[in-house]
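Printed here is work_21.txt (compact mmCIF, C-alpha atoms and all ligand atoms):
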# COMPACT_ATOMS: atom_id res chain seq x y z
CA MET A 1490 0.00 0.00 0.00
CA GLN A 1491 1.20 3.47 -0.86
CA VAL A 1492 -0.11 6.93 0.01
CA TRP A 1493 0.03 9.53 -2.76
CA LYS A 1494 -0.84 13.14 -2.15
CA PHE A 1495 -1.59 15.67 -4.89
CA GLY A 1496 -1.46 19.41 -4.19
CA GLY A 1497 -3.73 22.18 -5.43
CA THR A 1498 -1.97 22.83 -8.74
CA SER A 1499 -1.85 19.09 -9.46
CA VAL A 1500 -5.65 18.92 -9.35
CA GLY A 1501 -6.34 22.55 -10.34
CA LYS A 1502 -7.22 21.95 -14.00
CA PRO A 1503 -9.43 19.25 -15.54
CA GLU A 1504 -6.55 17.97 -17.71
CA ARG A 1505 -4.32 17.73 -14.63
CA MET A 1506 -6.96 15.73 -12.79
CA LYS A 1507 -7.15 13.41 -15.78
CA SER A 1508 -3.41 12.87 -15.75
CA ILE A 1509 -3.56 12.10 -12.03
CA GLN A 1510 -6.04 9.37 -12.80
CA GLN A 1511 -3.52 7.95 -15.30
CA LEU A 1512 -0.71 8.20 -12.76
CA VAL A 1513 -2.47 6.50 -9.86
CA THR A 1514 -3.68 3.64 -12.05
CA SER A 1515 -0.40 3.08 -13.90
CA ASP A 1516 0.40 0.05 -11.72
CA ASP A 1517 -1.62 -2.41 -9.68
CA GLU A 1518 -0.58 -1.40 -6.19
CA GLN A 1519 -3.38 -0.31 -3.88
CA LYS A 1520 -3.16 3.40 -3.11
CA ILE A 1521 -4.68 5.91 -0.77
CA VAL A 1522 -4.89 9.14 -2.76
CA VAL A 1523 -4.98 12.31 -0.65
CA LEU A 1524 -6.11 15.47 -2.41
CA SER A 1525 -5.84 19.17 -1.62
CA ALA A 1526 -8.47 21.64 -2.74
CA LEU A 1527 -8.18 22.90 -6.34
CA SER A 1528 -5.60 25.69 -6.46
CA GLY A 1529 -7.06 29.02 -5.35
CA THR A 1530 -10.11 27.49 -3.67
CA THR A 1531 -8.86 27.61 -0.08
CA ASN A 1532 -7.93 31.28 -0.49
CA SER A 1533 -11.35 32.02 -2.00
CA LEU A 1534 -13.13 30.23 0.84
CA LEU A 1535 -11.11 32.18 3.40
CA MET A 1536 -12.08 35.38 1.62
CA ILE A 1537 -15.75 34.35 1.68
CA GLY A 1538 -15.39 33.61 5.39
CA GLU A 1539 -13.88 37.07 5.97
CA ALA A 1540 -16.84 38.69 4.23
CA ALA A 1541 -19.34 36.55 6.17
CA LYS A 1542 -17.66 37.45 9.46
CA LYS A 1543 -18.03 41.15 8.66
CA ASN A 1544 -21.68 40.65 7.59
CA GLU A 1545 -20.78 41.73 4.06
CA ASP A 1546 -23.45 39.50 2.56
CA ILE A 1547 -23.32 40.91 -0.95
CA ALA A 1548 -19.55 40.54 -1.21
CA ALA A 1549 -19.75 36.99 0.16
CA GLU A 1550 -22.41 36.05 -2.34
CA LYS A 1551 -20.43 37.53 -5.20
CA HIS A 1552 -17.33 35.49 -4.30
CA VAL A 1553 -19.43 32.33 -3.90
CA ASN A 1554 -20.97 32.84 -7.35
CA GLU A 1555 -17.56 33.38 -8.93
CA LEU A 1556 -16.22 30.23 -7.34
CA PHE A 1557 -19.28 28.28 -8.46
CA THR A 1558 -18.76 29.37 -12.08
CA HIS A 1559 -15.18 28.12 -11.84
CA TYR A 1560 -16.41 24.70 -10.73
CA GLU A 1561 -19.15 24.58 -13.35
CA THR A 1562 -16.54 24.98 -16.09
CA PHE A 1563 -14.20 22.54 -14.39
CA VAL A 1564 -16.82 19.82 -14.17
CA SER A 1565 -18.01 20.38 -17.74
CA GLU A 1566 -14.45 19.89 -19.03
CA LEU A 1567 -13.62 16.92 -16.81
CA PHE A 1568 -16.38 14.40 -17.30
CA THR A 1569 -16.70 12.55 -20.58
CA THR A 1570 -20.15 10.98 -20.29
CA LYS A 1571 -23.63 12.38 -19.75
CA GLU A 1572 -24.09 10.47 -16.51
CA GLY A 1573 -20.66 11.58 -15.30
CA LEU A 1574 -21.46 15.22 -15.97
CA LYS A 1575 -24.81 14.88 -14.24
CA LYS A 1576 -23.08 13.45 -11.17
CA GLY A 1577 -20.43 16.20 -11.27
CA ASN A 1578 -23.06 18.93 -11.44
CA ALA A 1579 -25.04 17.34 -8.63
CA ILE A 1580 -21.89 17.36 -6.44
CA ILE A 1581 -21.12 21.02 -6.97
CA GLU A 1582 -24.74 22.10 -6.60
CA ASN A 1583 -25.04 20.26 -3.33
CA GLU A 1584 -21.71 21.59 -2.02
CA PHE A 1585 -22.42 25.16 -3.03
CA ASN A 1586 -25.84 25.03 -1.39
CA HIS A 1587 -24.02 24.07 1.76
CA ILE A 1588 -21.46 26.87 1.27
CA ARG A 1589 -24.27 29.40 0.76
CA SER A 1590 -26.11 28.31 3.86
CA LEU A 1591 -22.93 28.48 5.92
CA THR A 1592 -22.21 32.06 4.86
CA THR A 1593 -25.61 33.27 6.01
CA ILE A 1594 -25.20 32.00 9.56
CA LYS A 1595 -25.10 34.81 12.10
CA PRO A 1596 -22.96 35.32 14.03
CA PHE A 1597 -20.48 33.66 11.72
CA THR A 1598 -17.93 32.16 14.13
CA ILE A 1599 -14.57 30.45 13.79
CA LYS A 1600 -16.40 27.13 13.89
CA HIS A 1601 -18.35 28.06 10.76
CA ASP A 1602 -15.21 29.40 9.15
CA LYS A 1603 -13.52 26.02 9.58
CA MET A 1604 -16.53 24.23 8.11
CA LEU A 1605 -16.41 26.63 5.18
CA VAL A 1606 -12.70 26.21 4.46
CA ALA A 1607 -13.11 22.41 4.59
CA GLN A 1608 -15.40 22.55 1.54
CA GLY A 1609 -12.38 22.92 -0.77
CA GLU A 1610 -11.09 19.41 -0.08
CA LEU A 1611 -14.63 18.02 0.09
CA LEU A 1612 -15.26 19.37 -3.42
CA SER A 1613 -12.01 18.19 -5.05
CA THR A 1614 -12.25 14.65 -3.65
CA GLN A 1615 -15.91 14.15 -4.53
CA ILE A 1616 -15.29 15.34 -8.06
CA PHE A 1617 -12.22 13.12 -8.46
CA ALA A 1618 -13.98 10.10 -6.95
CA ALA A 1619 -16.91 10.57 -9.33
CA TYR A 1620 -14.47 10.84 -12.23
CA LEU A 1621 -12.83 7.54 -11.21
CA VAL A 1622 -16.26 5.91 -11.14
CA GLU A 1623 -17.00 7.33 -14.58
CA GLN A 1624 -13.71 5.90 -15.85
CA LYS A 1625 -14.70 2.52 -14.34
CA ILE A 1626 -11.82 2.38 -11.90
CA SER A 1627 -12.16 0.30 -8.78
CA SER A 1628 -12.27 3.05 -6.15
CA VAL A 1629 -13.97 4.50 -3.09
CA LEU A 1630 -14.13 7.86 -1.32
CA LEU A 1631 -13.22 7.58 2.35
CA PRO A 1632 -14.25 10.72 4.32
CA ALA A 1633 -11.29 12.08 6.29
CA LEU A 1634 -13.71 13.45 8.88
CA GLU A 1635 -14.39 9.85 9.91
CA PHE A 1636 -10.81 9.13 10.91
CA MET A 1637 -8.58 12.24 11.09
CA ARG A 1638 -8.53 13.42 14.70
CA ILE A 1639 -6.65 16.14 16.58
CA ASP A 1640 -6.40 16.68 20.34
CA ALA A 1641 -7.04 19.80 22.38
CA ASP A 1642 -3.55 21.11 21.47
CA ASN A 1643 -4.36 20.67 17.76
CA GLU A 1644 -1.97 17.72 17.56
CA PRO A 1645 -3.03 14.77 15.42
CA ILE A 1646 -3.74 11.60 17.46
CA LEU A 1647 -1.95 8.94 15.44
CA SER A 1648 -3.24 6.00 17.51
CA GLU A 1649 -6.84 7.04 16.98
CA ILE A 1650 -6.31 7.77 13.28
CA GLU A 1651 -4.75 4.32 12.98
CA TYR A 1652 -7.54 2.30 14.54
CA ARG A 1653 -10.33 4.24 12.82
CA LEU A 1654 -8.62 3.92 9.46
CA LYS A 1655 -8.00 0.22 9.95
CA GLU A 1656 -11.66 -0.39 10.65
CA LEU A 1657 -12.80 1.63 7.64
CA LEU A 1658 -10.25 0.13 5.26
CA ALA A 1659 -11.33 -3.40 6.14
CA PHE A 1660 -14.49 -2.78 4.09
CA HIS A 1661 -12.51 -1.79 1.01
CA GLU A 1662 -9.76 -4.36 0.63
CA ASP A 1663 -10.84 -5.01 -2.95
CA LYS A 1664 -10.62 -1.35 -4.01
CA LYS A 1665 -7.59 -0.18 -5.95
CA ILE A 1666 -7.84 3.53 -5.28
CA ILE A 1667 -9.02 4.97 -1.98
CA VAL A 1668 -9.57 8.72 -2.23
CA THR A 1669 -9.60 10.98 0.81
CA GLN A 1670 -9.31 14.64 1.81
CA GLY A 1671 -6.10 16.26 2.93
CA PHE A 1672 -6.06 19.08 5.49
CA ILE A 1673 -9.40 18.48 7.23
CA CYS A 1674 -10.06 16.67 10.52
CA ARG A 1675 -12.22 16.72 13.61
CA ASN A 1676 -11.25 18.24 16.96
CA PRO A 1677 -12.13 16.84 20.43
CA ARG A 1678 -15.43 18.74 20.37
CA GLY A 1679 -16.38 16.79 17.24
CA GLU A 1680 -16.22 19.94 15.11
CA VAL A 1681 -14.69 20.18 11.66
CA ASP A 1682 -11.15 21.50 11.97
CA ASN A 1683 -7.94 21.47 9.95
CA LEU A 1684 -4.19 20.89 10.07
CA LYS A 1685 -3.35 24.52 9.11
CA ARG A 1686 -2.41 25.86 5.69
CA GLY A 1687 -0.59 23.35 3.55
CA GLY A 1688 -1.80 20.60 5.88
CA SER A 1689 -2.58 18.04 3.18
CA ASP A 1690 1.06 16.95 3.19
CA TYR A 1691 0.73 16.27 6.89
CA THR A 1692 -2.46 14.26 6.29
CA ALA A 1693 -0.61 12.07 3.78
CA SER A 1694 2.22 11.42 6.20
CA LEU A 1695 -0.15 10.64 9.07
CA ILE A 1696 -2.11 8.20 6.91
CA GLY A 1697 1.14 6.66 5.64
CA ALA A 1698 2.29 6.14 9.21
CA ALA A 1699 -1.14 4.83 10.30
CA VAL A 1700 -1.34 2.17 7.59
CA ARG A 1701 2.42 1.55 7.62
CA ALA A 1702 2.59 2.31 3.92
CA LYS A 1703 5.50 1.18 1.80
CA GLU A 1704 6.03 4.76 0.67
CA ILE A 1705 4.45 8.21 0.91
CA GLN A 1706 4.57 10.25 -2.28
CA ILE A 1707 3.94 13.99 -2.29
CA TRP A 1708 3.18 15.18 -5.82
CA THR A 1709 3.64 18.90 -6.50
CA ASP A 1710 4.61 21.09 -9.42
CA ILE A 1711 8.36 21.15 -8.78
CA ASP A 1712 10.87 18.36 -9.31
CA GLY A 1713 11.67 17.80 -5.63
CA MET A 1714 13.31 19.79 -2.85
CA HIS A 1715 15.93 22.11 -4.32
CA ASN A 1716 19.34 22.87 -2.85
CA ASN A 1717 18.35 26.52 -2.50
CA ASP A 1718 15.36 28.79 -3.06
CA PRO A 1719 14.76 28.81 -6.85
CA ARG A 1720 12.75 32.02 -6.53
CA ILE A 1721 15.83 33.83 -5.22
CA VAL A 1722 19.03 32.29 -6.50
CA LYS A 1723 19.95 31.77 -10.12
CA ARG A 1724 21.24 28.21 -10.23
CA THR A 1725 19.51 25.53 -8.18
CA PHE A 1726 19.06 21.81 -8.61
CA PRO A 1727 16.85 19.16 -7.01
CA VAL A 1728 18.43 17.24 -4.15
CA ARG A 1729 18.02 13.52 -4.80
CA GLU A 1730 18.24 12.27 -1.21
CA LEU A 1731 17.68 13.75 2.22
CA THR A 1732 17.54 12.19 5.66
CA PHE A 1733 14.43 12.75 7.78
CA GLU A 1734 16.44 15.14 9.95
CA GLU A 1735 17.70 17.18 7.01
CA ALA A 1736 14.24 17.40 5.46
CA ALA A 1737 12.70 18.45 8.78
CA GLU A 1738 15.24 21.27 9.21
CA LEU A 1739 14.61 22.46 5.65
CA ALA A 1740 10.83 22.25 5.86
CA TYR A 1741 10.80 24.17 9.11
CA PHE A 1742 13.22 26.82 7.95
CA GLY A 1743 11.22 28.05 5.04
CA ALA A 1744 11.49 25.57 2.15
CA LYS A 1745 7.89 26.11 1.13
CA ILE A 1746 7.52 22.76 -0.56
CA LEU A 1747 6.47 20.75 2.53
CA HIS A 1748 4.27 21.43 5.55
CA PRO A 1749 6.84 21.54 8.39
CA SER A 1750 5.28 18.70 10.43
CA THR A 1751 5.08 16.28 7.50
CA ILE A 1752 8.30 14.48 8.30
CA ASN A 1753 7.44 13.48 11.89
CA PRO A 1754 4.92 10.66 11.34
CA ALA A 1755 6.93 9.22 8.42
CA LYS A 1756 10.10 9.28 10.50
CA LEU A 1757 8.34 7.67 13.45
CA ARG A 1758 7.42 4.62 11.36
CA ASP A 1759 10.45 4.82 9.07
CA ILE A 1760 8.48 5.27 5.86
CA PRO A 1761 10.25 6.91 2.90
CA VAL A 1762 8.71 10.14 1.62
CA ARG A 1763 9.20 10.78 -2.08
CA LEU A 1764 8.62 14.25 -3.55
CA LYS A 1765 7.49 14.02 -7.17
CA ASN A 1766 6.54 16.39 -9.96
CA THR A 1767 3.13 15.92 -11.61
CA MET A 1768 4.29 17.87 -14.66
CA GLU A 1769 7.27 15.55 -15.07
CA PRO A 1770 6.35 12.17 -13.55
CA SER A 1771 9.45 10.37 -14.78
CA ALA A 1772 11.85 12.77 -13.00
CA PRO A 1773 13.31 11.07 -9.91
CA GLY A 1774 12.36 13.84 -7.44
CA THR A 1775 13.65 13.74 -3.86
CA VAL A 1776 13.59 10.77 -1.50
CA ILE A 1777 13.52 11.46 2.22
CA SER A 1778 14.46 8.41 4.26
CA LYS A 1779 16.59 7.06 7.08
CA THR A 1780 19.47 5.74 5.06
CA GLN A 1781 21.42 7.54 2.40
CA THR A 1782 23.56 6.23 -0.36
CA SER A 1783 25.27 9.54 -1.09
CA SER A 1784 28.19 10.83 0.94
CA ALA A 1785 28.07 13.34 3.75
CA GLY A 1786 28.36 17.05 3.10
CA ILE A 1787 26.30 20.16 2.52
CA LYS A 1788 22.98 19.34 0.87
CA ALA A 1789 20.74 22.39 0.87
CA ILE A 1790 20.08 25.88 2.15
CA SER A 1791 16.86 27.57 3.15
CA ALA A 1792 15.87 30.81 4.82
CA LYS A 1793 13.26 31.97 7.25
CA ASP A 1794 12.16 35.62 7.46
CA ASN A 1795 10.46 37.83 10.02
CA VAL A 1796 12.85 36.85 12.76
CA THR A 1797 13.64 39.06 15.76
CA ALA A 1798 16.92 38.81 17.68
CA ILE A 1799 16.96 39.60 21.39
CA TYR A 1800 20.28 40.30 23.14
CA ILE A 1801 20.47 39.61 26.87
CA HIS A 1802 23.48 40.54 29.05
CA SER A 1803 24.11 39.79 32.69
CA THR A 1804 27.25 39.58 34.74
CA ARG A 1805 25.14 37.33 36.99
CA MET A 1806 25.63 34.71 34.32
CA LEU A 1807 29.34 34.48 35.13
CA ASN A 1808 29.95 31.10 36.68
CA ALA A 1809 26.33 30.93 37.77
CA TYR A 1810 23.78 28.28 37.07
CA GLY A 1811 20.06 28.72 36.58
CA PHE A 1812 20.28 31.96 34.61
CA LEU A 1813 19.25 30.38 31.31
CA ARG A 1814 16.34 28.67 33.03
CA LYS A 1815 15.04 32.06 34.15
CA VAL A 1816 15.42 33.42 30.64
CA PHE A 1817 13.57 30.51 29.05
CA GLU A 1818 10.82 30.55 31.64
CA ILE A 1819 9.94 34.02 30.38
CA PHE A 1820 9.60 32.79 26.80
CA GLU A 1821 7.60 29.83 28.05
CA LYS A 1822 5.26 32.10 29.98
CA PHE A 1823 4.38 33.89 26.74
CA LYS A 1824 4.22 30.67 24.70
CA THR A 1825 6.90 32.01 22.37
CA PRO A 1826 9.22 29.46 20.77
CA VAL A 1827 12.91 30.30 20.57
CA ASP A 1828 14.56 29.28 17.29
CA MET A 1829 18.24 30.13 17.51
CA ILE A 1830 20.40 30.68 20.55
CA THR A 1831 24.03 31.65 21.03
CA THR A 1832 25.82 32.37 24.28
CA SER A 1833 29.00 33.95 25.60
CA GLU A 1834 30.14 33.98 29.21
CA VAL A 1835 27.97 36.98 30.07
CA SER A 1836 25.47 37.20 27.21
CA VAL A 1837 22.79 35.24 25.46
CA ALA A 1838 21.23 36.04 22.12
CA VAL A 1839 18.04 34.31 21.03
CA THR A 1840 15.71 34.64 18.07
CA ILE A 1841 11.94 34.41 17.93
CA ASP A 1842 9.56 34.56 14.98
CA ASN A 1843 6.48 35.54 16.89
CA ASN A 1844 6.61 39.17 17.96
CA GLU A 1845 3.20 39.29 19.54
CA ASN A 1846 4.49 39.48 23.11
CA LEU A 1847 7.88 41.06 22.45
CA ASP A 1848 7.17 44.08 24.68
CA LYS A 1849 6.06 41.96 27.62
CA ILE A 1850 8.94 39.54 27.15
CA SER A 1851 11.46 42.41 27.01
CA LYS A 1852 9.99 43.96 30.13
CA MET A 1853 10.33 40.75 32.13
CA LEU A 1854 13.79 40.01 30.77
CA GLY A 1855 14.74 43.56 31.78
CA GLN A 1856 14.10 42.62 35.40
CA ILE A 1857 16.81 39.95 35.40
CA ALA A 1858 19.31 41.28 32.84
CA ASP A 1859 20.32 44.21 30.65
CA LEU A 1860 18.77 44.18 27.23
CA GLU A 1861 20.27 45.64 24.14
CA GLU A 1862 17.77 46.90 21.60
CA SER A 1863 16.35 43.92 19.71
CA ASP A 1864 16.86 43.59 15.95
CA GLN A 1865 13.77 43.06 13.85
CA ASP A 1866 13.57 42.06 10.18
CA GLN A 1867 16.23 39.41 10.48
CA SER A 1868 16.48 36.17 8.54
CA ILE A 1869 17.80 32.80 9.62
CA ILE A 1870 19.77 31.05 6.92
CA CYS A 1871 19.86 27.34 7.53
CA ILE A 1872 22.54 25.20 5.95
CA VAL A 1873 21.63 21.54 6.01
CA GLY A 1874 23.52 18.34 5.40
CA SER A 1875 25.43 15.64 7.20
CA PHE A 1876 28.28 17.42 8.93
CA LEU A 1877 30.12 14.66 10.67
CA ALA A 1878 31.83 16.05 13.73
CA ASP A 1879 35.27 15.16 12.45
CA LYS A 1880 34.80 16.74 9.06
CA PRO A 1881 37.07 19.75 9.17
CA ASN A 1882 35.98 22.18 6.49
CA ILE A 1883 32.23 22.83 6.76
CA ALA A 1884 32.40 25.97 8.90
CA ILE A 1885 35.30 27.49 7.00
CA ARG A 1886 33.55 26.99 3.66
CA VAL A 1887 30.41 28.65 4.95
CA LEU A 1888 32.25 31.60 6.45
CA GLU A 1889 34.44 31.99 3.39
CA ALA A 1890 31.33 32.20 1.19
CA MET A 1891 29.85 34.78 3.58
CA LYS A 1892 32.99 36.93 3.73
CA ASP A 1893 31.30 40.07 2.32
CA ILE A 1894 28.04 39.74 4.23
CA PRO A 1895 27.59 40.73 7.89
CA ILE A 1896 26.56 37.80 10.10
CA ARG A 1897 24.66 38.61 13.32
CA MET A 1898 24.65 35.16 14.92
CA ILE A 1899 26.08 31.72 14.17
CA SER A 1900 24.76 28.45 15.55
CA TYR A 1901 26.64 25.26 14.79
CA GLY A 1902 27.08 21.92 16.51
CA ALA A 1903 23.63 21.37 18.02
CA SER A 1904 23.12 18.60 15.51
CA GLU A 1905 25.18 17.08 12.75
CA HIS A 1906 22.67 18.36 10.26
CA ASN A 1907 22.45 22.07 10.63
CA MET A 1908 24.36 25.31 10.73
CA SER A 1909 22.31 28.46 11.13
CA LEU A 1910 23.30 32.03 10.43
CA LEU A 1911 21.35 35.15 11.31
CA VAL A 1912 21.56 38.01 8.83
CA ASP A 1913 19.67 41.24 8.30
CA SER A 1914 16.81 40.45 5.91
CA LYS A 1915 18.09 43.05 3.47
CA ASP A 1916 21.20 40.86 3.04
CA LYS A 1917 19.32 37.59 2.72
CA ASN A 1918 19.21 37.27 -1.05
CA ALA A 1919 22.90 38.12 -1.36
CA ALA A 1920 23.72 35.58 1.37
CA LEU A 1921 21.73 32.81 -0.34
CA GLU A 1922 23.42 33.56 -3.65
CA ALA A 1923 26.91 33.73 -2.11
CA LEU A 1924 26.41 30.46 -0.23
CA ASN A 1925 25.00 28.82 -3.34
CA GLU A 1926 28.05 29.74 -5.39
CA GLY A 1927 30.48 28.97 -2.58
CA LEU A 1928 29.13 25.64 -1.37
CA PHE A 1929 27.86 23.83 -4.45
CA THR A 1930 29.44 22.77 -7.69
CA PHE A 1931 27.48 23.02 -10.90
CA GLU A 1932 27.99 21.05 -14.07
N1 LIG A 2001 -6.02 23.39 0.83
C1 LIG A 2001 -5.21 23.66 1.98
C2 LIG A 2001 -4.38 24.90 1.76
O1 LIG A 2001 -4.45 25.52 0.72
C3 LIG A 2001 -4.36 22.50 2.37
C4 LIG A 2001 -3.31 22.10 1.36
O2 LIG A 2001 -3.41 22.44 0.20
O3 LIG A 2001 -2.37 21.42 1.76
O4 LIG A 2001 -3.67 25.29 2.65
MG MG A 2002 1.34 22.47 -0.18

Entire entry expressed as structure tokens:
Amino acid sequence: MQVWKFGGTSVGKPERMKSIQQLVTSDDEQKIVVLSALSGTTNSLLMIGEAAKKNEDIAAEKHVNELFTHYETFVSELFTTKEGLKKGNAIIENEFNHIRSLTTIKPFTIKHDKMLVAQGELLSTQIFAAYLVEQKISSVLLPALEFMRIDADNEPILSEIEYRLKELLAFHEDKKIIVTQGFICRNPRGEVDNLKRGGSDYTASLIGAAVRAKEIQIWTDIDGMHNNDPRIVKRTFPVRELTFEEAAELAYFGAKILHPSTINPAKLRDIPVRLKNTMEPSAPGTVISKTQTSSAGIKAISAKDNVTAIYIHSTRMLNAYGFLRKVFEIFEKFKTPVDMITTSEVSVAVTIDNNENLDKISKMLGQIADLEESDQDQSIICIVGSFLADKPNIAIRVLEAMKDIPIRMISYGASEHNMSLLVDSKDKNAALEALNEGLFTFE
């Protein structure tokens, strides 16, 4: 059994949806196919929700009508038979009736907003499942709301997902393709909820872990994880292999291709995650797994913006213990994660990416230490690879490449997979380009 997930652009056009049908049926292996909403739909639904929240009924209705027209065209171009088209139209009519009735609820709360945004995945999967039926493919639609569960901290409950899925799948052993929704789930109150933007990747990984799939494939519109941000630097190339640790560092630090939590469930059950390109299915893509055949070294670079650096000084730190605990308790109190940290004998610098409570945090830190003015608009540049502790030249190569760019902080040695640099965001693009040219060789 494999789990294949297709993103919004991979299902966004009728011809793309048709090629997905070809892809998933190109061999005989049973597959769970996880779909995102058609590209643009989630954003539209959020916009409709915004209008509904502000009681802008006319604007909401206008957006709903526009979205409906988009689906009408989509369905008319997808289905090839009269019965198929009839089914497709019935699906969208039914769904849009539901969308319309949701938007008129007053007051329109967050609960309704989550129900509304879930309609994107409910639409794409119903349409695709109906298309599979039309094409006479052995298939079934399994509603994610029947098995995807999160706890009160919004964390997926893998054990519950596993047993629910097992029970449901037992009825469909004979089906070749099992279609389900990415992104959506139920919370402990039984309400419709979601795994946050981009969450369909996470769904695929959770399902893969739950059914102990042979492989999880994430199909997007790029040929795998690149060694650097292709939107910023000139020459990038897809990385063929990454370890779970490397991929997690990259996904967290800004490589937009994967939802940052995706790696965890796959890693837990040691299931390879393969990133593939729907536009170029024969390209090898990137495999994320435990073992690597390639040698150690620098693999990729990514960057994270909107970072704030806080500089804390205290002579009380000298030879004392417990000072760092006091510092971190303050961040804990305001539920603010710390990303990077560097220390000297009398100073600590940390970075955060959530500024919401910066004033309160600074005030409390000021009671136990001297604070220098914090730096906003910083970027963390994360260099990822397998840096074996006895490999001598990683740091020097990085610093050599960065020789013309001011570095605010350096963090190296916490793991064998990461070196992080903090730079002013205005220098980020230059830093990514300089590191790209300095650390990689191009044919
Ligand atoms: N449709 C959702 C989003 O746009 C989930 C996903 O595509 O992964 O964020
Ligand atoms: Mg995505």

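Closest approach to Arg1720 (chain A) from the set A:Ser1791, A:Glu1555, A:Val1522, A:Leu1684 is made by A:Ser1791, with distances taken over all atoms listed in the file.
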
Near region 1534-1548 of chain A, counting only C-alpha atoms, which residues have an atom at most 10 Å away, once you skip same-chain residues fewer than 5 positions from it, shown as an MDAnalysis selection string? chainID A and resid 1529 1553:1554 1556 1588:1589 1591:1599 1601:1609

Go through A:Leu1731, A:Ile1896, A:Ala1884, A:Val1796 one by one, measure the shortest atom-to-atom distance of each to Ile1841 (chain A) using only C-alpha atoms, and give the residue with the smallest value.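 Ranked by minimum distance to Ile1841 (chain A), first place goes to A:Val1796.
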
List all protein, DNA and RNA residues that have at least one atom no more than 12 Å from any atom of ligand MG 2002 (chain A), counting only C-alpha atoms and all ligand atoms, and write them as JSON, numbers by chain. {"A": [1494, 1495, 1496, 1497, 1498, 1499, 1523, 1524, 1525, 1526, 1527, 1528, 1529, 1531, 1671, 1672, 1684, 1685, 1686, 1687, 1688, 1689, 1690, 1691, 1692, 1693, 1707, 1708, 1709, 1710, 1711, 1740, 1744, 1745, 1746, 1747, 1748, 1749, 1750, 1751, 1764]}

By how many Å are CA of Gln1706 (chain A) and CA of Gln1491 (chain A) apart?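 CA of Gln1491 (chain A) lies 7.7 Å from CA of Gln1706 (chain A).
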
Which residues are close to region 1516-1521 of chain A, i.e. within 10 Å by all atoms listed in the file, leaving aside same-chain residues fewer than 3 positions away? Reply as number ranges by chain. A: 1490-1494, 1511-1513, 1524, 1628-1631, 1662-1669, 1693, 1696-1697, 1700, 1702, 1705

Which is closest to ligand LIG 2001 (chain A) among A:Asp1642, A:Asp1682, A:Asp1893, A:Asp1712, if we use all atoms listed in the file? A:Asp1682

Quick one, how far is CA of Ala1618 (chain A) from CA of Glu1572 (chain A)?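 CA of Ala1618 (chain A) sits 13.9 Å away from CA of Glu1572 (chain A).
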
Kindly give the distance, in Å, that separates CA of Met1898 (chain A) and CA of Thr1840 (chain A), rounded to a single decimal.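 Answer for the CA of Met1898 (chain A) to CA of Thr1840 (chain A) separation: 9.5 Å.
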
Nearest to ligand LIG 2001 (chain A) by atom-to-atom distance, counting all atoms listed in the file, from A:Thr1780, A:Ser1694, A:Ile1616, A:Glu1504: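 Looking only at the distances to ligand LIG 2001 (chain A), the closest residue turns out to be A:Ser1694.
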
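Proximity ranking of A:Val1622, A:Ala1858, A:Val1564, A:Cys1674 relative to ligand LIG 2001 (chain A) places A:Cys1674 first, based on all atoms listed in the file.
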
Select, counting only C-alpha atoms, all protein, DNA and RNA residues no farther than 12 Å from (28.3, 22.2, -8.3) in file coordinates, and express the selection as a list in words.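 Returned residue set, sorted by chain then number, is Asn1716, Arg1724, Thr1725, Phe1726, Pro1727, Val1728, Ile1787, Lys1788, Ala1789, Leu1924, Asn1925, Glu1926, Gly1927, Leu1928, Phe1929, Thr1930, Phe1931 and Glu1932 of chain A.
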
Pick the closest to His1587 (chain A) from A:Leu1611, A:Lys1571, A:Ser1904, A:Lys1551: which is it, counting all atoms listed in the file?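 Comparing A:Leu1611, A:Lys1571, A:Ser1904, A:Lys1551 against His1587 (chain A), the winner is A:Leu1611.
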
Report as lines of an AutoDock Vina configuration file the centre and the edge lengths, in Å to one decimal, of the axis-aligned box holding every listed atom of region 1500-1514 of chain A, padded by 6 Å on each side.
center_x = -5.1
center_y = 13.1
center_z = -13.5
size_x = 20.7
size_y = 30.9
size_z = 20.4

List as a CSV table (one decimal) with C-alpha atoms, in the coordinates of the input the residues having at least one atom at most 12 Å from position (18.5, 42.5, 26.8) as given in the file, counting only C-alpha atoms.
chain,number,residue,atom,x,y,z
A,1798,ALA,CA,16.9,38.8,17.7
A,1799,ILE,CA,17.0,39.6,21.4
A,1800,TYR,CA,20.3,40.3,23.1
A,1801,ILE,CA,20.5,39.6,26.9
A,1802,HIS,CA,23.5,40.5,29.0
A,1803,SER,CA,24.1,39.8,32.7
A,1816,VAL,CA,15.4,33.4,30.6
A,1835,VAL,CA,28.0,37.0,30.1
A,1836,SER,CA,25.5,37.2,27.2
A,1837,VAL,CA,22.8,35.2,25.5
A,1838,ALA,CA,21.2,36.0,22.1
A,1839,VAL,CA,18.0,34.3,21.0
A,1847,LEU,CA,7.9,41.1,22.4
A,1848,ASP,CA,7.2,44.1,24.7
A,1850,ILE,CA,8.9,39.5,27.2
A,1851,SER,CA,11.5,42.4,27.0
A,1852,LYS,CA,10.0,44.0,30.1
A,1853,MET,CA,10.3,40.8,32.1
A,1854,LEU,CA,13.8,40.0,30.8
A,1855,GLY,CA,14.7,43.6,31.8
A,1856,GLN,CA,14.1,42.6,35.4
A,1857,ILE,CA,16.8,40.0,35.4
A,1858,ALA,CA,19.3,41.3,32.8
A,1859,ASP,CA,20.3,44.2,30.6
A,1860,LEU,CA,18.8,44.2,27.2
A,1861,GLU,CA,20.3,45.6,24.1
A,1862,GLU,CA,17.8,46.9,21.6
A,1863,SER,CA,16.4,43.9,19.7
A,1864,ASP,CA,16.9,43.6,16.0
